[in-house]
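Data first, discussion second: the structure below is written as structure tokens.
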Amino acid sequence: MFLETLIVSPIVFLRVVIIVIISISLHELAHGLAALSQGDDTPRKQGHITLNPLVHMGWESIIFLCVAGVAWGRMPINASNFRSQRLGNILVSVAGPLCNLGLAFLCIFLLKLLGDSSNAKFLSSNFFYMSAHINLMLFLFNLLPIPPLDGFYIFSEIFPSLKPLQYTYFGLFALMMLFLIPEFGDGLSAIAVFILQTIL
């Protein structure tokens with residue numbers, strides 16, 4: 001369990017928790033801002049245009065993150081309010097992953113500025129490397145064409161025949177299978193590391 005990291009390496013535990021909370025909150029906020037731009041005021045009406053992680057994640061997600069290292073967020077959106085439902089769905093769905101990609105590149109930029117700073121500091125080069133790594137993984141994971149991930153809503157607008165899968169247990173089953181396969185997480189991590197090493 002991820003909670004064991006708190007005992008073995010509390011600094012790593014705190015770094016991961018803080019990075020994931022910030023990354024998911026900004027990811028969800030990006031969805032909300034994109035929805036506003038497409039004509040849907042639901043995120044504002046329900047109080048989700050905020051930086052408050054409790055609004056975007058809830059206590060359940062934050063507790064699960066601390067215990068198991070897995071978390072999720074939510075953003076209330078009414079696609080029927082979009083000026084163009086197809087384009088709106090694509091733009092709103094892609095906004096979250098692009099936010100994570102932007103955060104990753106911001107951290108890479110800060111890494112280049114910092115150089116080899118002291119590892120003893122909480123906001124050291126290790127912190128920004130970990131943040132870039134996690135955000136690249138979130139970017140890649142959320143683009144998977146599996147409901148309820150963002151990638152599904154993007155691809156289902158391009159390939160409408162996929163839409164019925166949204167109302168089945170396919171997504172839940174597929175995600176459960178992926179989380180049970182250690183190689184899946186290792187693969188995402190390896191791709192993220194490859195991107196980082198290529199850029200750095």
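Here, A, B, ... name the chains of the structure tokens in the order displayed, residue numbers run from 1 inside each chain, and ligands are numbered from 1 in the same displayed order.
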- Could you pull the residues within 6 Å of region 39-52 of chain A, counting only C-alpha atoms, minus those fewer than 3 positions along the same chain, as a list in words?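 Residues meeting the cut-off are Gly32, Ala35, Leu36, Val55, Pro76, Ile77, Asn81 and Phe82 of chain A.
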- Neighbours of Phe152 (chain A) within 12 Å (only C-alpha atoms; same-chain residues fewer than 3 positions away dropped), as a list in words? Asn89, Ile90, Ser93, Val94, Phe141, Asn142, Leu143, Leu144, Pro145, Ile146, Pro147, Pro148, Leu149, Phe155, Ser156, Glu157, Ile158, Phe159, Pro160, Ser161, Leu162, Lys163, Pro164, Leu165, Gln166, Phe170 and Gly171 of chain A
Generate a file of the selected residues that holds N, CA, C and O atoms, formatted as an mmCIF file, in the first residue's frame.
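Contents of part38.cif, as written:
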```cif
data_model
loop_
_atom_site.group_PDB
_atom_site.id
_atom_site.type_symbol
_atom_site.label_atom_id
_atom_site.label_comp_id
_atom_site.auth_asym_id
_atom_site.auth_seq_id
_atom_site.Cartn_x
_atom_site.Cartn_y
_atom_site.Cartn_z
ATOM 1 N N ASN A 89 -17.450 18.891 -26.725
ATOM 2 C CA ASN A 89 -17.035 17.675 -26.013
ATOM 3 C C ASN A 89 -15.549 17.402 -26.190
ATOM 4 O O ASN A 89 -14.845 17.046 -25.231
ATOM 5 N N ILE A 90 -15.047 17.591 -27.401
ATOM 6 C CA ILE A 90 -13.626 17.345 -27.667
ATOM 7 C C ILE A 90 -12.755 18.354 -26.921
ATOM 8 O O ILE A 90 -11.790 17.981 -26.241
ATOM 9 N N SER A 93 -12.936 17.868 -23.096
ATOM 10 C CA SER A 93 -12.278 16.626 -22.690
ATOM 11 C C SER A 93 -10.765 16.727 -22.777
ATOM 12 O O SER A 93 -10.040 16.225 -21.918
ATOM 13 N N VAL A 94 -10.272 17.376 -23.821
ATOM 14 C CA VAL A 94 -8.821 17.445 -24.019
ATOM 15 C C VAL A 94 -8.175 18.484 -23.099
ATOM 16 O O VAL A 94 -6.956 18.440 -22.864
ATOM 17 N N PHE A 141 -2.319 8.629 -19.251
ATOM 18 C CA PHE A 141 -3.399 7.788 -18.728
ATOM 19 C C PHE A 141 -4.763 8.314 -19.133
ATOM 20 O O PHE A 141 -5.634 7.554 -19.574
ATOM 21 N N ASN A 142 -4.953 9.627 -19.003
ATOM 22 C CA ASN A 142 -6.274 10.198 -19.284
ATOM 23 C C ASN A 142 -6.629 10.196 -20.761
ATOM 24 O O ASN A 142 -7.805 10.365 -21.111
ATOM 25 N N LEU A 143 -5.642 9.982 -21.634
ATOM 26 C CA LEU A 143 -5.937 9.924 -23.063
ATOM 27 C C LEU A 143 -6.320 8.525 -23.530
ATOM 28 O O LEU A 143 -6.646 8.326 -24.698
ATOM 29 N N LEU A 144 -6.301 7.549 -22.619
ATOM 30 C CA LEU A 144 -6.728 6.201 -22.998
ATOM 31 C C LEU A 144 -8.212 6.222 -23.387
ATOM 32 O O LEU A 144 -9.031 6.835 -22.684
ATOM 33 N N PRO A 145 -8.592 5.569 -24.473
ATOM 34 C CA PRO A 145 -9.998 5.596 -24.927
ATOM 35 C C PRO A 145 -10.888 4.630 -24.145
ATOM 36 O O PRO A 145 -11.525 3.748 -24.699
ATOM 37 N N ILE A 146 -10.921 4.827 -22.834
ATOM 38 C CA ILE A 146 -11.705 3.967 -21.944
ATOM 39 C C ILE A 146 -12.615 4.861 -21.097
ATOM 40 O O ILE A 146 -12.126 5.788 -20.443
ATOM 41 N N PRO A 147 -13.922 4.641 -21.099
ATOM 42 C CA PRO A 147 -14.791 5.432 -20.221
ATOM 43 C C PRO A 147 -14.500 5.106 -18.755
ATOM 44 O O PRO A 147 -14.221 3.953 -18.448
ATOM 45 N N PRO A 148 -14.493 6.091 -17.862
ATOM 46 C CA PRO A 148 -14.883 7.488 -18.060
ATOM 47 C C PRO A 148 -13.690 8.430 -18.278
ATOM 48 O O PRO A 148 -13.786 9.622 -17.946
ATOM 49 N N LEU A 149 -12.586 7.940 -18.803
ATOM 50 C CA LEU A 149 -11.420 8.782 -19.027
ATOM 51 C C LEU A 149 -11.664 9.756 -20.178
ATOM 52 O O LEU A 149 -12.489 9.525 -21.048
ATOM 53 N N PHE A 155 -12.257 10.354 -28.397
ATOM 54 C CA PHE A 155 -12.328 9.376 -29.487
ATOM 55 C C PHE A 155 -13.765 9.033 -29.862
ATOM 56 O O PHE A 155 -14.046 8.724 -31.027
ATOM 57 N N SER A 156 -14.676 9.082 -28.890
ATOM 58 C CA SER A 156 -16.064 8.737 -29.215
ATOM 59 C C SER A 156 -16.742 9.816 -30.056
ATOM 60 O O SER A 156 -17.737 9.545 -30.729
ATOM 61 N N GLU A 157 -16.225 11.047 -30.004
ATOM 62 C CA GLU A 157 -16.744 12.089 -30.894
ATOM 63 C C GLU A 157 -16.192 11.909 -32.302
ATOM 64 O O GLU A 157 -16.852 12.225 -33.278
ATOM 65 N N ILE A 158 -14.967 11.391 -32.388
ATOM 66 C CA ILE A 158 -14.359 11.132 -33.696
ATOM 67 C C ILE A 158 -14.919 9.838 -34.291
ATOM 68 O O ILE A 158 -15.149 9.742 -35.506
ATOM 69 N N PHE A 159 -15.145 8.852 -33.414
ATOM 70 C CA PHE A 159 -15.709 7.551 -33.833
ATOM 71 C C PHE A 159 -16.989 7.299 -33.026
ATOM 72 O O PHE A 159 -16.955 6.655 -31.975
ATOM 73 N N PRO A 160 -18.129 7.833 -33.478
ATOM 74 C CA PRO A 160 -19.391 7.752 -32.725
ATOM 75 C C PRO A 160 -19.830 6.334 -32.378
ATOM 76 O O PRO A 160 -20.599 6.146 -31.428
ATOM 77 N N SER A 161 -19.346 5.334 -33.098
ATOM 78 C CA SER A 161 -19.744 3.951 -32.808
ATOM 79 C C SER A 161 -19.262 3.505 -31.424
ATOM 80 O O SER A 161 -19.758 2.511 -30.881
ATOM 81 N N LEU A 162 -18.312 4.243 -30.835
ATOM 82 C CA LEU A 162 -17.811 3.903 -29.503
ATOM 83 C C LEU A 162 -18.742 4.377 -28.387
ATOM 84 O O LEU A 162 -18.656 3.889 -27.260
ATOM 85 N N LYS A 163 -19.628 5.311 -28.687
ATOM 86 C CA LYS A 163 -20.438 5.958 -27.647
ATOM 87 C C LYS A 163 -21.252 4.995 -26.783
ATOM 88 O O LYS A 163 -21.374 5.210 -25.573
ATOM 89 N N PRO A 164 -21.840 3.928 -27.346
ATOM 90 C CA PRO A 164 -22.618 3.013 -26.491
ATOM 91 C C PRO A 164 -21.814 2.395 -25.345
ATOM 92 O O PRO A 164 -22.393 2.003 -24.332
ATOM 93 N N LEU A 165 -20.495 2.320 -25.484
ATOM 94 C CA LEU A 165 -19.665 1.748 -24.418
ATOM 95 C C LEU A 165 -19.748 2.575 -23.139
ATOM 96 O O LEU A 165 -19.470 2.070 -22.050
ATOM 97 N N GLN A 166 -20.129 3.831 -23.283
ATOM 98 C CA GLN A 166 -20.234 4.723 -22.127
ATOM 99 C C GLN A 166 -21.269 4.222 -21.124
ATOM 100 O O GLN A 166 -21.158 4.498 -19.923
ATOM 101 N N PHE A 170 -17.954 -1.807 -19.423
ATOM 102 C CA PHE A 170 -16.675 -2.021 -20.098
ATOM 103 C C PHE A 170 -15.558 -1.184 -19.465
ATOM 104 O O PHE A 170 -14.459 -1.676 -19.201
ATOM 105 N N GLY A 171 -15.843 0.109 -19.240
ATOM 106 C CA GLY A 171 -14.826 1.001 -18.706
ATOM 107 C C GLY A 171 -14.350 0.579 -17.333
ATOM 108 O O GLY A 171 -13.148 0.528 -17.059
#
```
Counting only C-alpha atoms, what are the residues of region 43-155 of chain A within 12 Å of region 22-26 of chain A, and for each of them which pair of atoms is the nearest and at what distance in Å, to one decimal? Sort the table by chain and rising number, as CSV.
```
residue,atom,partner,partner_atom,distance
A:His48,CA,A:Ser25,CA,10.0
A:Ile49,CA,A:Leu26,CA,10.2
A:Thr50,CA,A:Ser25,CA,8.8
A:Leu51,CA,A:Ser25,CA,6.6
A:Asn52,CA,A:Ser25,CA,7.4
A:Pro53,CA,A:Ser25,CA,5.4
A:Leu54,CA,A:Ser25,CA,8.7
A:Val55,CA,A:Ser25,CA,8.5
A:His56,CA,A:Ser25,CA,5.7
A:Met57,CA,A:Ser25,CA,7.1
A:Gly58,CA,A:Ser25,CA,10.4
A:Ser61,CA,A:Ile24,CA,10.5
A:Ile62,CA,A:Ile24,CA,10.5
A:Leu65,CA,A:Ile24,CA,11.3
A:Val70,CA,A:Ile24,CA,11.1
A:Ala71,CA,A:Ile24,CA,8.3
A:Trp72,CA,A:Ile24,CA,7.1
A:Gly73,CA,A:Ile24,CA,6.3
A:Arg74,CA,A:Ser25,CA,9.0
A:Met75,CA,A:Ser25,CA,9.7
A:Ala95,CA,A:Leu26,CA,10.1
A:Gly96,CA,A:Leu26,CA,7.8
A:Pro97,CA,A:Ile24,CA,9.8
A:Leu98,CA,A:Leu26,CA,10.5
A:Cys99,CA,A:Leu26,CA,7.1
A:Asn100,CA,A:Ser23,CA,6.6
A:Leu101,CA,A:Ser23,CA,10.1
A:Gly102,CA,A:Ser23,CA,10.4
A:Leu103,CA,A:Ser23,CA,7.8
A:Ala104,CA,A:Ser23,CA,9.6
A:Cys107,CA,A:Ser23,CA,11.8
A:Met130,CA,A:Ser23,CA,11.9
A:Ser131,CA,A:Ser23,CA,8.6
A:Ala132,CA,A:Ser23,CA,10.2
A:His133,CA,A:Ser23,CA,11.5
A:Ile134,CA,A:Ser23,CA,8.6
A:Asn135,CA,A:Ser23,CA,6.9
A:Leu136,CA,A:Ser23,CA,10.5
A:Met137,CA,A:Ser23,CA,11.1
A:Leu138,CA,A:Ser23,CA,8.5
A:Phe139,CA,A:Ser23,CA,10.2
A:Asn142,CA,A:Ile24,CA,11.0
```
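We find CA of Phe127 (chain A) and CA of Arg15 (chain A) to be spaced 6.8 Å apart.
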